[in-house]
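**Q** Provided below: my_file12.cif, containing mmCIF, C-alpha atoms and all ligand atoms.
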data_entry
loop_
_atom_site.label_atom_id
_atom_site.label_comp_id
_atom_site.auth_asym_id
_atom_site.auth_seq_id
_atom_site.Cartn_x
_atom_site.Cartn_y
_atom_site.Cartn_z
CA MET H 15 29.26 100.71 112.50
CA PHE H 16 27.70 100.90 115.92
CA TRP H 17 28.00 104.29 117.56
CA LYS H 18 26.95 103.22 121.03
CA SER H 19 30.47 103.28 122.42
CA LEU H 20 31.10 106.79 121.06
CA PHE H 21 27.76 108.33 121.96
CA PRO H 22 26.18 107.18 125.21
CA GLY H 23 22.44 106.68 124.78
CA VAL H 24 22.74 105.87 121.09
CA ILE H 25 21.63 102.30 120.50
CA GLY H 26 21.38 101.81 116.77
CA SER H 27 23.49 101.61 113.68
CA GLU H 28 23.55 104.43 111.18
CA THR H 29 21.91 104.28 107.77
CA ALA H 30 22.60 106.66 104.89
CA THR H 31 19.96 107.42 102.27
CA GLY H 32 20.59 107.94 98.56
CA THR H 33 20.52 111.71 99.08
CA GLY H 34 23.34 111.53 101.65
CA GLU H 35 21.01 112.04 104.59
CA ARG H 36 21.75 110.00 107.69
CA GLU H 37 19.49 108.33 110.14
CA LEU H 38 20.31 106.80 113.49
CA LEU H 39 18.24 104.97 116.08
CA ILE H 40 19.15 106.77 119.29
CA THR H 41 16.87 105.29 121.91
CA GLU H 42 13.66 103.44 122.68
CA TRP H 43 11.23 105.64 124.55
CA VAL H 44 9.06 103.86 127.12
CA THR H 45 5.58 105.42 127.22
CA ALA H 46 3.29 105.67 130.26
CA ASN H 47 1.61 102.38 129.27
CA GLY H 48 4.93 100.58 128.88
CA GLU H 49 5.06 100.70 125.07
CA ARG H 50 8.60 100.95 123.63
CA VAL H 51 8.75 103.55 120.88
CA PRO H 52 11.89 104.14 118.78
CA ILE H 53 13.37 107.63 118.51
CA TYR H 54 15.54 108.48 115.52
CA PHE H 55 17.99 111.25 114.74
CA SER H 56 17.86 112.28 111.08
CA THR H 57 19.55 114.81 108.83
CA THR H 58 16.65 114.93 106.39
CA ARG H 59 15.64 118.35 105.06
CA ASP H 60 12.22 116.99 104.29
CA ILE H 61 10.57 118.61 107.29
CA ASP H 62 6.98 119.78 107.37
CA VAL H 63 7.21 123.45 108.33
CA TYR H 64 3.83 123.22 110.09
CA ALA H 65 5.18 120.42 112.33
CA LEU H 66 8.35 122.44 112.96
CA GLU H 67 6.47 125.59 113.89
CA SER H 68 4.12 123.57 116.10
CA LEU H 69 7.20 122.20 117.92
CA CYS H 70 8.59 125.73 118.34
CA ASP H 71 5.17 126.90 119.50
CA ALA H 72 5.16 124.14 122.17
CA VAL H 73 8.20 125.80 123.84
CA GLY H 74 6.67 129.27 123.54
CA TRP H 75 8.72 130.66 120.66
CA ALA H 76 7.22 133.44 118.57
CA LYS H 77 5.51 132.45 115.32
CA ARG H 78 7.54 132.95 112.13
CA PRO H 79 6.38 133.34 108.55
CA LEU H 80 6.34 129.82 107.02
CA ARG H 81 7.82 131.12 103.77
CA LYS H 82 10.91 132.24 105.70
CA VAL H 83 11.10 129.03 107.72
CA ARG H 84 11.11 127.03 104.44
CA LYS H 85 13.89 129.25 103.12
CA ALA H 86 15.91 128.88 106.32
CA LEU H 87 15.65 125.07 106.04
CA GLU H 88 16.62 125.14 102.39
CA PHE H 89 19.70 127.29 102.97
CA SER H 90 20.92 125.75 106.23
CA PHE H 91 24.14 123.78 106.02
CA LEU H 92 22.86 121.04 108.31
CA VAL H 93 19.37 120.20 109.51
CA GLY H 94 19.04 117.72 112.40
CA SER H 95 15.82 116.33 113.80
CA LEU H 96 14.47 113.82 116.30
CA TRP H 97 11.50 111.63 115.39
CA GLN H 98 9.30 109.38 117.44
CA GLU H 99 8.11 106.50 115.27
CA ARG H 100 4.83 104.68 115.85
CA GLY H 101 3.94 102.28 113.05
CA GLN H 102 3.77 104.35 109.88
CA HIS H 103 3.47 107.62 111.79
CA ARG H 104 6.48 109.83 112.58
CA ARG H 105 6.27 112.71 115.00
CA LEU H 106 8.82 115.52 115.02
CA ILE H 107 9.96 115.90 118.65
CA GLY H 108 13.31 117.66 118.33
CA PHE H 109 15.10 119.96 115.95
CA ALA H 110 18.33 121.92 115.37
CA ARG H 111 19.97 123.45 112.33
CA ALA H 112 23.33 124.98 111.46
CA THR H 113 24.39 127.63 108.98
CA SER H 114 27.98 127.61 107.74
CA ASP H 115 30.65 128.96 105.42
CA HIS H 116 31.22 125.27 104.48
CA ALA H 117 34.90 125.51 105.48
CA PHE H 118 35.69 126.82 108.95
CA ASN H 119 32.61 127.99 110.84
CA ALA H 120 29.12 126.86 111.68
CA THR H 121 26.47 128.41 113.90
CA LEU H 122 23.67 126.44 115.50
CA TRP H 123 20.09 127.73 115.54
CA ASP H 124 16.61 126.67 116.66
CA VAL H 125 17.70 123.95 119.13
CA VAL H 126 14.51 122.53 120.60
CA VAL H 127 13.07 119.39 122.21
CA HIS H 128 9.30 119.04 122.73
CA PRO H 129 8.41 119.59 126.43
CA GLU H 130 6.93 116.05 126.68
CA PHE H 131 10.41 114.68 125.90
CA GLN H 132 12.65 117.13 127.76
CA GLY H 133 14.92 116.25 130.66
CA LYS H 134 15.68 112.72 129.44
CA GLY H 135 18.93 113.36 127.60
CA LEU H 136 17.49 113.87 124.11
CA GLY H 137 18.65 117.50 123.85
CA LYS H 138 22.20 116.44 124.66
CA THR H 139 22.05 113.57 122.16
CA LEU H 140 20.67 115.89 119.46
CA MET H 141 23.50 118.38 120.07
CA ARG H 142 26.15 115.65 120.07
CA GLN H 143 24.86 114.38 116.74
CA MET H 144 24.92 117.91 115.30
CA ILE H 145 28.52 118.37 116.46
CA ARG H 146 29.50 114.98 115.06
CA GLU H 147 27.96 115.83 111.65
CA LEU H 148 29.75 119.19 111.56
CA ARG H 149 33.07 117.63 112.58
CA ARG H 150 32.56 114.98 109.90
CA GLN H 151 32.45 117.86 107.42
CA GLU H 152 35.65 119.28 108.92
CA ILE H 153 34.02 122.30 110.52
CA SER H 154 36.18 123.21 113.50
CA ASN H 155 34.55 126.36 114.88
CA ILE H 156 31.00 125.81 116.15
CA THR H 157 29.15 128.72 117.74
CA LEU H 158 25.65 129.41 119.02
CA PHE H 159 23.61 132.03 120.85
CA ALA H 160 22.34 130.66 124.16
CA ASP H 161 19.28 131.95 125.95
CA PRO H 162 20.32 132.74 129.56
CA GLN H 163 18.42 129.74 131.00
CA VAL H 164 20.24 127.21 128.79
CA VAL H 165 23.85 128.36 129.22
CA THR H 166 24.53 125.44 131.60
CA PHE H 167 23.02 122.97 129.11
CA TYR H 168 25.49 124.12 126.44
CA GLU H 169 28.43 124.36 128.87
CA GLU H 170 27.90 120.69 129.75
CA LEU H 171 28.34 119.95 126.05
CA GLY H 172 31.69 121.77 125.96
CA PHE H 173 30.60 125.23 124.75
CA GLN H 174 32.36 128.19 126.41
CA PRO H 175 30.72 131.56 126.93
CA ASP H 176 32.85 134.50 125.73
CA PRO H 177 36.11 132.56 125.18
CA GLU H 178 39.10 134.88 125.66
CA GLY H 179 36.69 137.73 126.32
CA ILE H 180 35.11 137.58 122.85
CA LYS H 181 31.60 139.08 122.89
CA GLY H 182 28.75 138.21 120.56
CA MET H 183 27.39 141.48 119.14
CA PHE H 184 24.01 142.14 117.57
CA TRP H 185 22.61 144.79 115.30
CA TYR H 186 18.85 145.21 115.29
CA PRO H 187 16.80 147.56 113.11
CA ASN H 188 15.39 150.46 115.14
C1 LIG V 1 17.30 123.24 125.94
C2 LIG V 1 16.65 121.94 125.50
C3 LIG V 1 16.86 121.71 124.01
C4 LIG V 1 17.31 120.79 126.29
O1 LIG V 1 16.73 119.57 125.88
P1 LIG V 1 16.50 118.40 126.92
O2 LIG V 1 16.13 117.18 126.16
O3 LIG V 1 15.56 118.85 127.98
O4 LIG V 1 17.96 118.28 127.52
P2 LIG V 1 18.61 117.02 128.19
O5 LIG V 1 17.59 116.16 128.85
O6 LIG V 1 19.52 116.39 127.23
O7 LIG V 1 19.43 117.74 129.31
C5 LIG V 1 20.78 117.66 129.34
C6 LIG V 1 21.29 118.38 130.54
O8 LIG V 1 21.03 119.77 130.46
C7 LIG V 1 20.27 120.19 131.56
N1 LIG V 1 19.27 121.12 131.08
C8 LIG V 1 18.30 120.87 130.20
N2 LIG V 1 17.55 121.98 130.02
C9 LIG V 1 18.09 122.92 130.82
C10 LIG V 1 17.78 124.26 131.10
N3 LIG V 1 16.73 124.87 130.55
N4 LIG V 1 18.56 124.92 131.97
C11 LIG V 1 19.63 124.32 132.55
N5 LIG V 1 19.96 123.05 132.34
C12 LIG V 1 19.21 122.37 131.48
C13 LIG V 1 19.64 118.96 132.14
O9 LIG V 1 19.42 119.08 133.52
C14 LIG V 1 20.65 117.89 131.83
O10 LIG V 1 21.67 117.87 132.78
P3 LIG V 1 22.26 116.45 133.28
O11 LIG V 1 22.75 115.73 132.05
O12 LIG V 1 23.35 116.86 134.21
O13 LIG V 1 21.11 115.76 133.92
C15 LIG V 1 15.14 121.90 125.86
O14 LIG V 1 14.99 122.12 127.23
C16 LIG V 1 14.32 122.92 125.08
O15 LIG V 1 13.88 122.64 123.96
N6 LIG V 1 14.09 124.09 125.68
C17 LIG V 1 13.26 125.12 125.05
C18 LIG V 1 13.91 125.71 123.82
C19 LIG V 1 15.23 126.34 124.16
O16 LIG V 1 15.37 127.06 125.13
N7 LIG V 1 16.22 126.08 123.29
C20 LIG V 1 17.54 126.65 123.40
C21 LIG V 1 17.56 128.01 122.76
S1 LIG V 1 19.17 128.76 122.85
#
Let me see the structure of the file written as structure tokens.
**A**
Amino acid sequence: MFWKSLFPGVIGSETATGTGERELLITEWVTANGERVPIYFSTTRDIDVYALESLCDAVGWAKRPLRKVRKALEFSFLVGSLWQERGQHRRLIGFARATSDHAFNATLWDVVVHPEFQGKGLGKTLMRQMIRELRRQEISNITLFADPQVVTFYEELGFQPDPEGIKGMFWYPN
């Protein structure tokens, strides 16, 4: 099935791997020298933690212990990623993951697009794919914690801050 009509900007058909992971051609990126490079959305968990941390580093996020990052990937309900493909080489350029109770609720974490690829609609496409995957698994309540500078980005995707006055609350060790 072609998803173009449902998801603007998505140009390819979806493929499912033997492990149930999905992959979708979402756009062709035109480089400075006019080369057209495909960009894929994938739900693979097979993500190099060094590449992931390098992506997070590129947006200025604090370094995390790789052992914990591996564990977070392993125990996430859904892992979504964006890949730029050049010949045999794939570069991780976007990432998001969701934890869940597998029934009602999911929370999105680590939403990131590499600065070289920001501002071209990829973040929105990544989020729409994450929502679609969660809805496919009948998750109806999707939450996230937005940094102040990205509240508008999430609002444009349909997220509401503090619905009905509900406040996110945090406990931190002293
Ligand atoms: C937030 C982020 C994922 C958005 O990815 P992106 O590919 O740049 O987003 P898009 O190009 O799809 O932008 C979609 C829309 O959101 C807006 N937007 C993107 N980043 C924004 C920001 N930081 N603040 C406000 N609006 C933003 C864009 O202007 C665009 O609006 P438009 O559709 O009306 O033109 C990306 O900027 C990023 O990785 N930032 C650093 C990491 C981060 O802050 N993650 C979120 C943690 S809660």
**Q** Using all atoms listed in the file, which of H:Phe159, H:Phe109, H:Trp97, H:Phe89 sits nearest H:Val127?
**A**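 Result for the nearest residue to H:Val127: H:Phe109.
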**Q** Check the smallest atom-to-atom distance from each of H:Thr45, H:Gln102, H:Gln132, H:Ser154 to ligand LIG 1 (chain V) using all atoms listed in the file, then report the winner.
**A**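 Closest residue, counting all atoms listed in the file: H:Gln132.
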**Q** Write out as CSV a residue-level contact list of chain H versus ligand LIG 1 (chain V) with cut-off 10 Å: for each qualifying residue the closest pair of atoms and the distance in Å to one decimal, counting all atoms listed in the file, rows sorted by chain and residue number upward.
**A**
residue,atom,partner,partner_atom,distance
H:Leu69,CA,V:LIG1,O15,9.0
H:Cys70,CA,V:LIG1,C18,7.6
H:Asp71,CA,V:LIG1,C18,9.8
H:Ala72,CA,V:LIG1,C17,8.7
H:Val73,CA,V:LIG1,C17,5.2
H:Gly74,CA,V:LIG1,C17,7.9
H:Trp75,CA,V:LIG1,C18,7.8
H:Ile107,CA,V:LIG1,O15,9.4
H:Gly108,CA,V:LIG1,O15,7.5
H:Phe109,CA,V:LIG1,C3,8.4
H:Ala110,CA,V:LIG1,C3,8.8
H:Leu122,CA,V:LIG1,S1,8.9
H:Trp123,CA,V:LIG1,S1,7.4
H:Asp124,CA,V:LIG1,C21,6.3
H:Val125,CA,V:LIG1,N7,4.9
H:Val126,CA,V:LIG1,O15,3.4
H:Val127,CA,V:LIG1,O15,3.8
H:His128,CA,V:LIG1,O15,6.0
H:Pro129,CA,V:LIG1,O15,6.7
H:Glu130,CA,V:LIG1,O3,9.2
H:Phe131,CA,V:LIG1,O2,6.2
H:Gln132,CA,V:LIG1,O3,3.4
H:Gly133,CA,V:LIG1,O5,3.2
H:Lys134,CA,V:LIG1,O5,4.0
H:Gly135,CA,V:LIG1,O6,3.1
H:Leu136,CA,V:LIG1,O2,4.1
H:Gly137,CA,V:LIG1,O2,3.4
H:Lys138,CA,V:LIG1,O6,3.7
H:Thr139,CA,V:LIG1,O6,6.3
H:Leu140,CA,V:LIG1,O6,7.9
H:Met141,CA,V:LIG1,C3,8.4
H:Arg142,CA,V:LIG1,O6,9.8
H:Leu158,CA,V:LIG1,S1,7.6
H:Phe159,CA,V:LIG1,S1,5.9
H:Ala160,CA,V:LIG1,S1,3.9
H:Asp161,CA,V:LIG1,S1,4.4
H:Pro162,CA,V:LIG1,S1,7.9
H:Gln163,CA,V:LIG1,N4,4.9
H:Val164,CA,V:LIG1,N4,4.3
H:Val165,CA,V:LIG1,C11,6.7
H:Thr166,CA,V:LIG1,C11,5.1
H:Phe167,CA,V:LIG1,O8,4.0
H:Tyr168,CA,V:LIG1,O8,7.4
H:Glu169,CA,V:LIG1,O8,8.9
H:Glu170,CA,V:LIG1,O8,7.0
H:Leu171,CA,V:LIG1,C6,8.5
**Q** One decimal, Å: what's the distance from atom CA of H:Ile153 over to atom CA of H:Ala117, could you say?
**A** 6.0 Å
**Q** Write out as a CSV table (one decimal) with C-alpha atoms, keeping the file's coordinate frame each polymer residue whose atoms come within 12 Å of H:Arg50, counting all atoms listed in the file; drop sequence neighbours fewer than 4 positions from it.
**A**
chain,number,residue,atom,x,y,z
H,41,THR,CA,16.9,105.3,121.9
H,42,GLU,CA,13.7,103.4,122.7
H,43,TRP,CA,11.2,105.6,124.6
H,44,VAL,CA,9.1,103.9,127.1
H,45,THR,CA,5.6,105.4,127.2
H,46,ALA,CA,3.3,105.7,130.3
H,98,GLN,CA,9.3,109.4,117.4
H,99,GLU,CA,8.1,106.5,115.3
H,100,ARG,CA,4.8,104.7,115.8
H,101,GLY,CA,3.9,102.3,113.0
**Q** Taking into account only C-alpha atoms, which residue in the set H:Gly179, H:Gly94, H:Pro79, H:Pro187 is nearest to H:Ser56?
**A**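 Answer, going by the shortest atom-to-atom distance: H:Gly94.
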**Q** What separation in Å, quoted to one decimal, exists between atom CA of H:Ala112 and atom CA of H:Ile180?
**A** 20.7 Å
**Q** From the options H:Ile40, H:Ala120, H:Ala76, H:Leu96, which residue's atoms come nearest to H:Asn155, counting only C-alpha atoms?
**A** H:Ala120
**Q** Using the file's own x, y and z axes, what box holds all listed atoms of stretch 90-95 of chain H with 3 Å on each side, keeping edges along x, y and z, and what are its centre and edge lengths in Å to one decimal, as JSON?
**A**
{"center_x": 20.0, "center_y": 121.0, "center_z": 109.9, "size_x": 14.3, "size_y": 15.4, "size_z": 13.8}
**Q** Kindly indicate which residue among H:Asn47, H:Thr58, H:Thr113, H:Ser95 lies nearest to H:Gln143, using all atoms listed in the file for the distances.
**A** H:Ser95
**Q** Write out as a list in words the residues lying within 12 Å of H:Arg84, counting only C-alpha atoms and excluding same-chain residues fewer than 2 positions away.
**A**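 The contact residues come out as Arg59, Asp60, Ile61, Asp62, Val63, Tyr64, Ala65, Leu66, Glu67, Arg78, Pro79, Leu80, Arg81, Lys82, Ala86, Leu87, Glu88, Phe89, Ser90 and Val93 of chain H.
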**Q** With all atoms listed in the file as the basis for distance, which of H:His103, H:Lys181, H:Arg149, H:Lys85 is at the shortest distance from H:Phe118?
**A**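 Distance minimum relative to H:Phe118 lands on H:Arg149.
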**Q** For atom CA of H:Lys77 and atom CA of H:Thr57, determine how far apart the two atoms are, in Å to one decimal place.
**A**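 It comes out at 23.5 Å.
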